[in-house]
Structure formats: C-alpha cells, structure tokens
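Shown next: coords.txt, given as compact mmCIF, C-alpha atoms.
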```
# COMPACT_ATOMS: atom_id res chain seq x y z
CA MET Q 203 0.00 0.00 0.00
CA PHE Q 204 2.64 2.52 1.07
CA ASP Q 205 6.20 1.48 0.27
CA ASN Q 206 8.28 4.16 1.95
CA SER Q 207 8.40 2.31 5.27
CA GLN Q 208 11.66 3.95 6.34
CA GLU Q 209 10.31 7.49 6.00
CA SER Q 210 8.44 9.31 8.74
CA LYS Q 211 4.67 9.16 8.53
CA THR Q 212 2.33 11.94 9.53
CA ASN Q 213 -0.87 10.90 11.28
CA LEU Q 214 -4.02 12.38 9.75
CA SER Q 215 -5.09 13.71 13.15
CA GLU Q 216 -2.08 16.04 13.19
CA LEU Q 217 -3.58 18.08 10.36
CA GLY Q 218 -7.32 17.70 10.93
CA GLU Q 219 -9.87 17.74 8.11
CA PHE Q 220 -9.39 21.30 6.87
CA GLY Q 221 -5.67 21.23 7.34
CA LEU Q 222 -5.52 18.00 5.35
CA ILE Q 223 -7.59 19.48 2.52
CA GLU Q 224 -5.37 22.55 2.38
CA HIS Q 225 -2.25 20.38 2.47
CA LEU Q 226 -3.35 17.98 -0.27
CA THR Q 227 -4.74 20.62 -2.63
CA LYS Q 228 -2.08 23.32 -2.31
CA HIS Q 229 -0.59 22.37 -5.69
CA PHE Q 230 -3.89 22.69 -7.56
CA SER Q 231 -4.63 26.00 -9.25
CA PRO Q 232 -7.25 26.65 -11.94
CA LYS Q 233 -6.00 26.98 -15.52
CA LEU Q 234 -9.23 27.12 -17.55
CA ASP Q 235 -11.26 30.26 -18.33
CA SER Q 236 -14.45 28.34 -17.48
CA THR Q 237 -13.28 27.97 -13.86
CA ILE Q 238 -14.31 31.16 -12.10
CA LYS Q 239 -13.80 29.89 -8.54
CA ALA Q 240 -12.21 26.57 -7.56
CA ILE Q 241 -11.10 25.23 -4.17
CA GLY Q 242 -11.51 27.52 -1.16
CA ASP Q 243 -15.17 28.46 -0.91
CA ASP Q 244 -18.53 26.79 -0.18
CA ALA Q 245 -18.96 25.92 -3.86
CA ALA Q 246 -17.08 26.16 -7.12
CA VAL Q 247 -18.24 28.61 -9.79
CA LEU Q 248 -18.11 27.68 -13.47
CA LYS Q 249 -19.12 29.49 -16.64
CA PHE Q 250 -19.85 27.93 -20.03
CA ASP Q 251 -21.11 30.35 -22.66
CA GLY Q 252 -23.72 28.89 -24.98
CA GLU Q 253 -22.91 25.23 -24.28
CA GLU Q 254 -24.50 22.32 -22.46
CA THR Q 255 -22.90 21.12 -19.21
CA VAL Q 256 -22.37 17.37 -18.70
CA ILE Q 257 -21.65 15.81 -15.29
CA SER Q 258 -20.69 12.27 -14.25
CA THR Q 259 -19.90 10.74 -10.86
CA ASP Q 260 -18.28 7.42 -9.93
CA LEU Q 261 -17.53 5.79 -6.58
CA LEU Q 262 -14.50 3.51 -6.12
CA VAL Q 263 -14.28 1.28 -3.05
CA GLU Q 264 -11.22 -0.57 -1.77
CA GLY Q 265 -11.69 -4.31 -2.01
CA VAL Q 266 -14.41 -3.94 -4.64
CA HIS Q 267 -12.90 -1.75 -7.37
CA PHE Q 268 -9.21 -1.86 -6.49
CA ASP Q 269 -6.70 -3.84 -4.45
CA LEU Q 270 -3.87 -1.90 -2.82
CA ALA Q 271 -1.76 -5.07 -2.72
CA TYR Q 272 -0.72 -4.25 -6.29
CA MET Q 273 -2.32 -0.87 -7.08
CA PRO Q 274 0.16 1.95 -6.31
CA LEU Q 275 -1.58 4.94 -4.78
CA LYS Q 276 -0.30 7.32 -7.46
CA HIS Q 277 -1.72 5.05 -10.16
CA LEU Q 278 -4.98 4.89 -8.21
CA GLY Q 279 -5.29 8.67 -8.20
CA TYR Q 280 -4.66 8.75 -11.93
CA LYS Q 281 -7.13 5.94 -12.67
CA ALA Q 282 -9.84 7.49 -10.50
CA LEU Q 283 -9.91 10.46 -12.83
CA MET Q 284 -9.81 8.29 -15.97
CA VAL Q 285 -12.93 6.38 -14.88
CA ASN Q 286 -14.87 9.65 -14.78
CA LEU Q 287 -13.31 11.53 -17.67
CA SER Q 288 -14.13 8.58 -19.92
CA ASP Q 289 -17.84 9.15 -19.24
CA ILE Q 290 -17.54 12.77 -20.37
CA TYR Q 291 -15.80 11.80 -23.61
CA ALA Q 292 -18.51 9.16 -24.14
CA MET Q 293 -20.97 12.06 -24.39
CA ASN Q 294 -18.79 13.48 -27.22
CA ALA Q 295 -17.96 16.35 -24.87
CA THR Q 296 -14.88 18.11 -23.53
CA ALA Q 297 -13.96 17.49 -19.88
CA SER Q 298 -12.96 20.61 -17.96
CA GLN Q 299 -13.28 20.18 -14.17
CA VAL Q 300 -13.34 17.44 -11.52
CA THR Q 301 -14.02 17.18 -7.81
CA VAL Q 302 -12.29 14.51 -5.73
CA SER Q 303 -13.65 13.25 -2.41
CA ILE Q 304 -12.07 10.55 -0.26
CA ALA Q 305 -12.85 8.60 2.92
CA VAL Q 306 -9.85 6.96 4.59
CA SER Q 307 -9.10 4.95 7.70
CA ASN Q 308 -6.33 5.89 10.12
CA ARG Q 309 -4.03 3.23 8.65
CA PHE Q 310 -3.19 5.77 5.93
CA PRO Q 311 -0.59 8.40 6.82
CA VAL Q 312 -0.59 11.81 5.15
CA GLU Q 313 2.29 10.73 2.93
CA ALA Q 314 0.18 7.95 1.43
CA LEU Q 315 -2.54 10.42 0.50
CA GLU Q 316 0.10 12.70 -1.01
CA GLU Q 317 0.93 9.83 -3.39
CA PHE Q 318 -2.74 9.48 -4.32
CA TYR Q 319 -3.11 13.20 -4.98
CA ALA Q 320 0.10 13.22 -7.02
CA GLY Q 321 -1.68 10.84 -9.39
CA VAL Q 322 -4.74 13.09 -9.42
CA GLN Q 323 -2.54 16.07 -10.19
CA LEU Q 324 -0.75 14.28 -13.02
CA ALA Q 325 -4.02 13.21 -14.61
CA SER Q 326 -5.46 16.71 -14.31
CA LYS Q 327 -2.38 18.11 -16.04
CA VAL Q 328 -2.31 15.53 -18.84
CA TYR Q 329 -6.04 15.89 -19.53
CA ASN Q 330 -6.20 19.66 -18.95
CA VAL Q 331 -8.90 19.63 -16.28
CA ASP Q 332 -9.11 21.74 -13.14
CA VAL Q 333 -9.54 20.11 -9.73
CA ILE Q 334 -12.12 22.45 -8.20
CA GLY Q 335 -13.08 20.84 -4.90
CA GLY Q 336 -14.07 17.73 -3.01
CA ASP Q 337 -14.28 16.45 0.54
CA THR Q 338 -12.42 14.27 3.02
CA THR Q 339 -13.79 12.17 5.84
CA SER Q 340 -12.89 9.14 7.92
CA SER Q 341 -13.70 5.55 7.05
CA THR Q 342 -13.91 2.35 9.06
CA SER Q 343 -13.64 0.17 5.97
CA GLY Q 344 -10.57 1.24 4.04
CA PHE Q 345 -10.28 3.71 1.19
CA LEU Q 346 -13.28 5.14 -0.70
CA ILE Q 347 -13.02 7.57 -3.60
CA SER Q 348 -15.74 9.65 -5.23
CA VAL Q 349 -14.92 11.70 -8.32
CA THR Q 350 -17.29 13.98 -10.19
CA ALA Q 351 -16.31 15.07 -13.68
CA ILE Q 352 -17.76 18.11 -15.43
CA GLY Q 353 -17.62 18.86 -19.12
CA HIS Q 354 -19.29 20.84 -21.85
CA ALA Q 355 -20.34 20.58 -25.47
CA LYS Q 356 -22.55 22.27 -28.01
CA LYS Q 357 -26.08 20.92 -27.83
CA GLU Q 358 -25.93 19.52 -31.34
CA ASP Q 359 -22.65 17.68 -30.67
CA ILE Q 360 -23.70 15.66 -27.60
CA ALA Q 361 -24.05 11.92 -28.24
CA TYR Q 362 -26.51 9.98 -26.08
CA ARG Q 363 -27.03 6.24 -25.84
CA ASP Q 364 -30.47 6.40 -27.43
CA GLY Q 365 -29.66 7.72 -30.90
CA ALA Q 366 -28.56 4.58 -32.76
CA LYS Q 367 -30.56 3.67 -35.88
CA PRO Q 368 -31.00 0.43 -37.83
CA ASN Q 369 -28.19 -0.03 -40.38
CA ASP Q 370 -25.80 2.21 -38.42
CA LEU Q 371 -22.24 0.96 -38.33
CA LEU Q 372 -20.98 -0.14 -34.90
CA VAL Q 373 -17.51 1.24 -34.20
CA VAL Q 374 -15.02 0.81 -31.36
CA THR Q 375 -11.80 2.63 -30.51
CA GLY Q 376 -8.48 0.97 -29.64
CA ASP Q 377 -8.32 -2.68 -28.57
CA LEU Q 378 -10.19 -4.67 -25.96
CA GLY Q 379 -9.53 -7.15 -23.17
CA ALA Q 380 -6.06 -6.02 -22.11
CA ALA Q 381 -7.13 -4.46 -18.80
CA TYR Q 382 -8.91 -7.61 -17.67
CA MET Q 383 -5.97 -9.86 -18.56
CA GLY Q 384 -3.65 -7.45 -16.77
CA LEU Q 385 -5.82 -7.93 -13.69
CA GLN Q 386 -5.55 -11.71 -14.03
CA VAL Q 387 -1.75 -11.50 -14.16
CA LEU Q 388 -1.67 -9.26 -11.06
CA GLU Q 389 -4.05 -11.53 -9.15
CA ARG Q 390 -1.92 -14.56 -10.02
CA GLU Q 391 1.26 -12.87 -8.87
CA LYS Q 392 -0.45 -11.76 -5.68
CA GLU Q 393 -1.23 -15.39 -4.85
CA VAL Q 394 2.35 -16.41 -5.64
CA PHE Q 395 3.63 -13.67 -3.33
CA LYS Q 396 1.29 -14.77 -0.53
CA ALA Q 397 2.68 -18.28 -0.81
CA ASN Q 398 6.30 -17.09 -1.07
CA PRO Q 399 6.95 -13.46 -0.01
CA ASN Q 400 10.53 -13.74 -1.27
CA SER Q 401 9.45 -14.37 -4.86
CA GLN Q 402 10.21 -11.64 -7.39
CA PRO Q 403 7.75 -11.65 -10.31
CA ASP Q 404 9.02 -11.09 -13.84
CA LEU Q 405 6.27 -9.00 -15.41
CA GLU Q 406 8.16 -7.55 -18.38
CA GLN Q 407 6.23 -9.58 -20.95
CA TYR Q 408 2.94 -8.36 -19.44
CA THR Q 409 3.80 -4.63 -19.45
CA TYR Q 410 1.05 -3.55 -21.85
CA LEU Q 411 -1.65 -5.53 -20.06
CA ILE Q 412 -0.66 -4.32 -16.59
CA GLU Q 413 -0.47 -0.71 -17.75
CA ARG Q 414 -3.97 -0.98 -19.20
CA GLN Q 415 -5.19 -2.18 -15.79
CA LEU Q 416 -3.23 0.09 -13.45
CA LYS Q 417 -2.93 3.24 -15.58
CA PRO Q 418 -5.66 3.34 -18.24
CA GLU Q 419 -6.07 6.32 -20.52
CA ALA Q 420 -9.45 7.86 -21.34
CA ARG Q 421 -10.06 8.60 -25.03
CA LYS Q 422 -9.88 12.38 -24.94
CA ASP Q 423 -8.72 12.30 -28.56
CA ILE Q 424 -11.84 10.73 -30.03
CA PRO Q 425 -14.38 13.60 -29.85
CA LYS Q 426 -11.86 15.86 -31.59
CA LEU Q 427 -10.91 13.15 -34.10
CA LEU Q 428 -14.54 12.58 -35.06
CA LYS Q 429 -15.17 16.30 -35.37
CA ASP Q 430 -12.13 16.67 -37.62
CA LEU Q 431 -13.41 13.77 -39.75
CA GLY Q 432 -16.84 15.36 -39.99
CA VAL Q 433 -18.51 12.46 -38.19
CA LYS Q 434 -21.26 12.83 -35.56
CA PRO Q 435 -21.97 9.64 -33.58
CA ASN Q 436 -25.63 8.75 -33.38
CA ALA Q 437 -25.05 6.96 -30.06
CA MET Q 438 -21.98 6.56 -27.85
CA ILE Q 439 -20.93 4.86 -24.61
CA ASP Q 440 -17.64 4.05 -22.89
CA ILE Q 441 -16.55 0.44 -22.39
CA SER Q 442 -16.20 0.02 -18.64
CA ASP Q 443 -18.15 -3.21 -18.04
CA GLY Q 444 -17.36 -5.22 -21.17
CA LEU Q 445 -18.23 -4.87 -24.86
CA SER Q 446 -21.38 -7.01 -24.74
CA SER Q 447 -22.89 -5.03 -21.85
CA GLU Q 448 -22.26 -1.72 -23.60
CA ILE Q 449 -23.74 -2.88 -26.92
CA ILE Q 450 -26.83 -4.03 -25.04
CA HIS Q 451 -27.08 -0.65 -23.27
CA ILE Q 452 -27.10 1.15 -26.63
CA CYS Q 453 -29.56 -1.30 -28.16
CA LYS Q 454 -32.02 -1.08 -25.28
CA SER Q 455 -31.78 2.72 -25.08
CA SER Q 456 -32.12 3.13 -28.85
CA LYS Q 457 -34.66 0.32 -29.37
CA VAL Q 458 -32.57 -1.39 -32.01
CA GLY Q 459 -30.82 -4.74 -32.46
CA ALA Q 460 -27.20 -5.42 -33.36
CA ASN Q 461 -24.93 -7.88 -35.12
CA LEU Q 462 -21.40 -8.02 -33.71
CA TYR Q 463 -18.80 -9.90 -35.76
CA GLU Q 464 -16.30 -11.88 -33.72
CA GLU Q 465 -13.57 -11.66 -36.34
CA LYS Q 466 -13.74 -7.86 -36.27
CA ILE Q 467 -13.17 -7.42 -32.51
CA PRO Q 468 -9.78 -5.67 -32.08
CA LEU Q 469 -7.40 -7.65 -29.85
CA ASP Q 470 -3.77 -6.81 -29.08
CA PRO Q 471 -1.41 -9.75 -29.72
CA ALA Q 472 -0.44 -9.65 -26.03
CA VAL Q 473 -4.07 -10.35 -25.09
CA ILE Q 474 -4.27 -13.34 -27.40
CA SER Q 475 -0.98 -14.70 -26.07
CA VAL Q 476 -1.90 -14.37 -22.39
CA CYS Q 477 -5.39 -15.75 -22.97
CA GLU Q 478 -3.71 -18.87 -24.36
CA GLU Q 479 -1.44 -18.96 -21.30
CA PHE Q 480 -4.45 -18.77 -18.97
CA ASN Q 481 -6.52 -21.08 -21.19
CA ILE Q 482 -9.23 -18.41 -21.59
CA ASP Q 483 -11.13 -17.57 -24.76
CA SER Q 484 -10.03 -14.13 -25.97
CA THR Q 485 -13.44 -13.28 -27.43
CA THR Q 486 -15.06 -13.93 -24.05
CA ILE Q 487 -12.55 -11.56 -22.44
CA ALA Q 488 -13.26 -8.80 -24.96
CA LEU Q 489 -17.00 -9.23 -24.48
CA SER Q 490 -17.05 -9.43 -20.71
CA GLY Q 491 -13.73 -8.21 -19.28
CA GLY Q 492 -14.35 -4.50 -18.75
CA GLU Q 493 -12.18 -1.54 -17.68
CA ASP Q 494 -10.94 -0.89 -21.22
CA TYR Q 495 -12.29 2.69 -21.21
CA GLU Q 496 -12.45 2.68 -24.98
CA LEU Q 497 -15.45 4.23 -26.74
CA LEU Q 498 -18.21 2.38 -28.56
CA PHE Q 499 -20.45 4.27 -30.96
CA SER Q 500 -22.72 4.02 -33.96
CA ILE Q 501 -22.51 6.12 -37.11
CA ALA Q 502 -24.50 6.39 -40.31
CA GLN Q 503 -23.34 4.13 -43.16
CA SER Q 504 -22.80 7.27 -45.23
CA ASP Q 505 -19.88 8.12 -42.93
CA TYR Q 506 -18.01 4.89 -43.73
CA ASP Q 507 -15.56 6.50 -46.15
CA LYS Q 508 -14.64 9.11 -43.53
CA ILE Q 509 -13.43 6.55 -40.98
CA LYS Q 510 -12.26 3.58 -43.05
CA GLY Q 511 -8.59 2.78 -42.52
CA ASN Q 512 -8.30 5.01 -39.44
CA PRO Q 513 -5.92 3.22 -37.03
CA HIS Q 514 -7.90 4.39 -33.98
CA LEU Q 515 -11.26 3.04 -35.15
CA THR Q 516 -12.58 -0.44 -35.98
CA ILE Q 517 -15.98 -1.28 -37.46
CA ILE Q 518 -17.16 -4.35 -35.55
CA GLY Q 519 -20.76 -4.72 -36.69
CA HIS Q 520 -24.00 -2.92 -37.45
CA MET Q 521 -27.31 -2.07 -35.89
CA THR Q 522 -30.49 -3.87 -36.95
CA GLU Q 523 -34.21 -3.59 -36.36
CA GLU Q 524 -35.14 -4.16 -32.72
CA ASN Q 525 -37.11 -7.35 -33.45
CA GLU Q 526 -34.01 -8.98 -34.95
CA GLY Q 527 -32.34 -9.02 -31.54
CA MET Q 528 -28.70 -8.68 -30.49
CA HIS Q 529 -26.26 -11.28 -31.76
CA LEU Q 530 -22.62 -12.30 -31.98
CA ILE Q 531 -21.70 -13.68 -35.40
CA THR Q 532 -18.88 -16.14 -34.74
CA ARG Q 533 -15.93 -16.94 -36.97
CA ALA Q 534 -17.79 -20.13 -37.88
CA ASN Q 535 -20.75 -17.94 -38.98
CA GLN Q 536 -22.93 -19.05 -36.07
CA LYS Q 537 -25.43 -16.51 -34.78
CA LEU Q 538 -25.44 -16.48 -30.99
CA PRO Q 539 -27.52 -14.27 -28.66
CA LEU Q 540 -25.43 -11.46 -27.17
CA ILE Q 541 -25.50 -11.77 -23.37
CA ALA Q 542 -24.34 -9.20 -20.81
CA ARG Q 543 -21.75 -10.96 -18.67
CA GLY Q 544 -19.73 -7.86 -17.85
CA TRP Q 545 -18.41 -7.11 -14.37
CA ASN Q 546 -21.07 -6.14 -11.83
CA SER Q 547 -19.98 -4.75 -8.44
CA MET Q 548 -23.29 -5.82 -6.91
CA ASP Q 549 -22.45 -9.47 -7.60
CA LYS Q 550 -19.64 -9.41 -5.07
CA GLU Q 551 -20.62 -11.50 -2.08
CA GLU Q 552 -20.10 -10.23 1.44
CA ASP Q 553 -17.40 -11.96 3.45
```
In structure tokens, what does this structure look like?
Amino acid sequence: MFDNSQESKTNLSELGEFGLIEHLTKHFSPKLDSTIKAIGDDAAVLKFDGEETVISTDLLVEGVHFDLAYMPLKHLGYKALMVNLSDIYAMNATASQVTVSIAVSNRFPVEALEEFYAGVQLASKVYNVDVIGGDTTSSTSGFLISVTAIGHAKKEDIAYRDGAKPNDLLVVTGDLGAAYMGLQVLEREKEVFKANPNSQPDLEQYTYLIERQLKPEARKDIPKLLKDLGVKPNAMIDISDGLSSEIIHICKSSKVGANLYEEKIPLDPAVISVCEEFNIDSTTIALSGGEDYELLFSIAQSDYDKIKGNPHLTIIGHMTEENEGMHLITRANQKLPLIARGWNSMDKEED
C-alpha cells in the first residue's frame, strides 16, 4: 500500500480535516477560463457560454474496485480520474473540471494520501482539467473515492445512448480485453507472493496488459478526431463493463438490435498470447472483461468512407431492427444471442 516504510509518517489527526484538505490541494490552481472559482469556498463557480454542461460521478471502493496489494496509490489517483473523464468523452464532450472526495481509515498516513493526490494532479495536467473541490472524511472500511467530472459541449454535438438507428455501423476505438488480462496477471502474482513473499515476479512480458489495468487512458482524442473527420456519432458509450454489456445498453436505449462480428473485434497480440497462457477464450474476455475505457459508438453508413482505414477506429458490426435481436456472429458464422456478462460490483458476495 505505502512502500516508503523507512520514511516518517504523519498521522491524519495532526492536520485535521481542513488542514488536510489545504495540504493535499495546495498544488492545484485553476487553468481554464471556465473555472471562475475553484477550491476555497462553499462551492465552485463555473461558466460555459452557450454550451450544455455534462456531469458524471463514480464511486470507487477498496476491495471492490481496487486492491492496494498491487495498485500503487499514485496510479490509483490517476485511474480514479480516468474512470470519470471517460464518461464525459462518451458524451462526445470536452472534460474541464473534476471534484475529488475521499474517505480513509487511520491506517493511511498523510504521505500515502500525497501519493494518491500526485496521481490526481498528473491526470489533471495531462487531460487539462481543473480540480475544483471535493471532501475528506474518515472511514472504518478502508479507502473510498468519489470523483465527479464536469464537461461541456454544443447541444448539437452531444451523443446519447439512445440515438442509434437500424443499419448504423458499430464502431469501437483501440483494442479490448487487455485491462482484464492485466488484472488476471496481477491476481496470479499476488497469490504467488502470498505463498512465497521472497518471490520476485518477472512482469516484463505483461507490461502492456498491466499498464492498461493500473494506468488506463481515457479517449480524450476521439471527440476531436470525429469532429475533424466530420462524423457525428448517433449513439456513444464508454466500455467500462465489457463490450457485450455496452452494446446491449445502446440497443435497449435506442430500441434497435445489433450484429457483432467476432472476427472484427480488435485484440492486441499480447491479449491473445496471455489468454492462451491462462486457457481463456479471448473473445469472451473482450465481451465481458471490462475496464478498457475505450469508446463504442454508432454512425451512419454514409460516414463509412470518412473513418475507413483510421488506425484508432474499428468497425465491428452494425445495428439492426429491434425485433431482430442482439447477436454475436462467430468466426464459424454461427449466430449467438449477445448476453451481458460484464463485471457487476453488486455481484460481489459479502465476506
């Protein structure tokens, strides 16, 4: 959890709530014109001229969404922002501000929280968003994180889940399944370490997968790319719970069906290799793994020429009439019902 065991550790009680907030946020200063007032008052003040405001909130809980046995706190701070910024980009909008709230137990010294906020600060710098507030409180059950992301877009540019139409092309960014397989590698090495604390894992061959799990990147580039290409998504969603779940979300919201072609699903060679090592079907991982934070969207067939050959985008299927249902077309040309087997935090049993 906190590796610098030889360094002095400051107890949270030494600073108190407001002292802790001031200490952790002293390096944050607003950079954007839309941020009128950030940290330091009862509420932040924002201004967006002539645009719609979009807001998304996510809650991350230790032991449910992350494991500090292998998740460095700086990476956790970075990832916490990615989870939320991805939702803003999935609306085809620009992210501009975030709030970060945490609840921590007294097993965390101030220095540990400094590591977490260093990750928050790095993410805010890379993605050009202002940290404008938040809250801190105590916890009796580990580390809890709540991030709210705020963005903006012109009304006509916003992409909802309910705009897909029959015959639309189904498009995905990047590649899928790497984050989940990175998690499997980390979980395996955790068990090896528990059995033999002197073991030193060799993770070099899994670098891409582990990075996709511990330090994902939200697709800030896609709204701008699509605008530059002259393409407006009819529907869009981010892939946080697995490809199948997200396709079903779009279909149900838009009242359409879908055909997804197995052979078109983009997989990194490292995913295929490690799936073979773990004896897991790579298509199943892409469909159900989650935490890829890529974007899934539908576009009119007339926009095909604008996106074909783009290295960031892959056409993986098309939308159909609602009564045709949602299906996976396998490499053997079998038509199978598409089932949502993505990760669900509510499925986790209590100890």
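With all atoms listed in the file taken into account, the protein and nucleic acid residues at most 12 Å from Ser475 (chain Q) (excluding it and anything under 5 positions from it in its own chain) are Gly379, Ala380, Met383, Gln407, Tyr408, Leu411, Leu469, Asp470, Phe480, Asn481, Ile482, Asp483 and Ser484 of chain Q.
Put simply, CA of Lys233 (chain Q) is 27.1 Å away from CA of Leu497 (chain Q).
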Handout entry: Å distance separating CA of Leu431 (chain Q) from CA of Lys510 (chain Q), one decimal place
Key =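 Computed distance, CA of Leu431 (chain Q) to CA of Lys510 (chain Q), equals 10.8 Å.
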Handout entry: Between CA of Ser447 (chain Q) and CA of Glu524 (chain Q), distance in Å (one decimal)
Key =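 Between these atoms lies a distance of 16.4 Å.
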Handout entry: Minimum-distance residue to Glu496 (chain Q), chosen among Q:Cys477, Q:Met528, Q:Ile424, Q:Leu462 (using all atoms listed in the file)
Key =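 With all atoms listed in the file as the atom set, the closest residue is Q:Ile424.
Minimum distance to Ile474 (chain Q) across Q:Ile347, Q:Met438, Q:Ala292, Q:Leu378 (counting only C-alpha atoms) occurs at Q:Leu378.
The environment of region 304-310 of chain Q within 10 Å, counting only C-alpha atoms and disregarding residues fewer than 4 places along the same chain, consists of Met203, Phe204, Lys211, Thr212, Asn213, Leu214, Ser215, Leu261, Leu262, Val263, Glu264, Ala314, Leu315, Gly336, Asp337, Thr338, Thr339, Ser340, Ser341, Thr342, Ser343, Gly344, Phe345, Leu346, Ile347, Ser348 and Val349 of chain Q.
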Problem - Top pick for closest residue to Glu479 (chain Q), considering Q:Gln386, Q:Leu538, Q:Arg414, Q:Ala320 and counting all atoms listed in the file - result: Q:Gln386
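Considering all atoms listed in the file, the residue among Q:Met284, Q:Met273, Q:Ile257, Q:Ile290 positioned nearest to Leu385 (chain Q) is Q:Met273.
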Handout entry: Nearest candidate to Asp269 (chain Q) (options Q:Asp423, Q:Glu389, Q:Glu526, Q:Glu448; using only C-alpha atoms)
Key =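 Nearest to Asp269 (chain Q): Q:Glu389.
Residues of protein, DNA and RNA with at least one atom no farther than 12 Å from (-24.9, -16.4, -34.9) are, using all atoms listed in the file, Ala460, Asn461, Leu462, Tyr463, Glu464, Glu526, Gly527, Met528, His529, Leu530, Ile531, Thr532, Arg533, Ala534, Asn535, Gln536, Lys537, Leu538, Pro539 and Leu540 of chain Q.
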Practice task
May I have the protein, DNA and RNA residues with any atom at most 9 Å from the point (-13.2, 13.1, -18.8), counting all atoms listed in the file, written as a ChimeraX atom specification?
Solution key: /Q:258,283-292,295-300,329,331,351-353,420-422
Practice task
Find the spatial neighbours of Phe250 (chain Q), counting all atoms listed in the file, within a cut-off of 10 Å - ignore same-chain residues fewer than 3 positions away - and output them as a VMD selection string.
Solution key: chain Q and resid 235 to 237 253 to 255 353 to 355
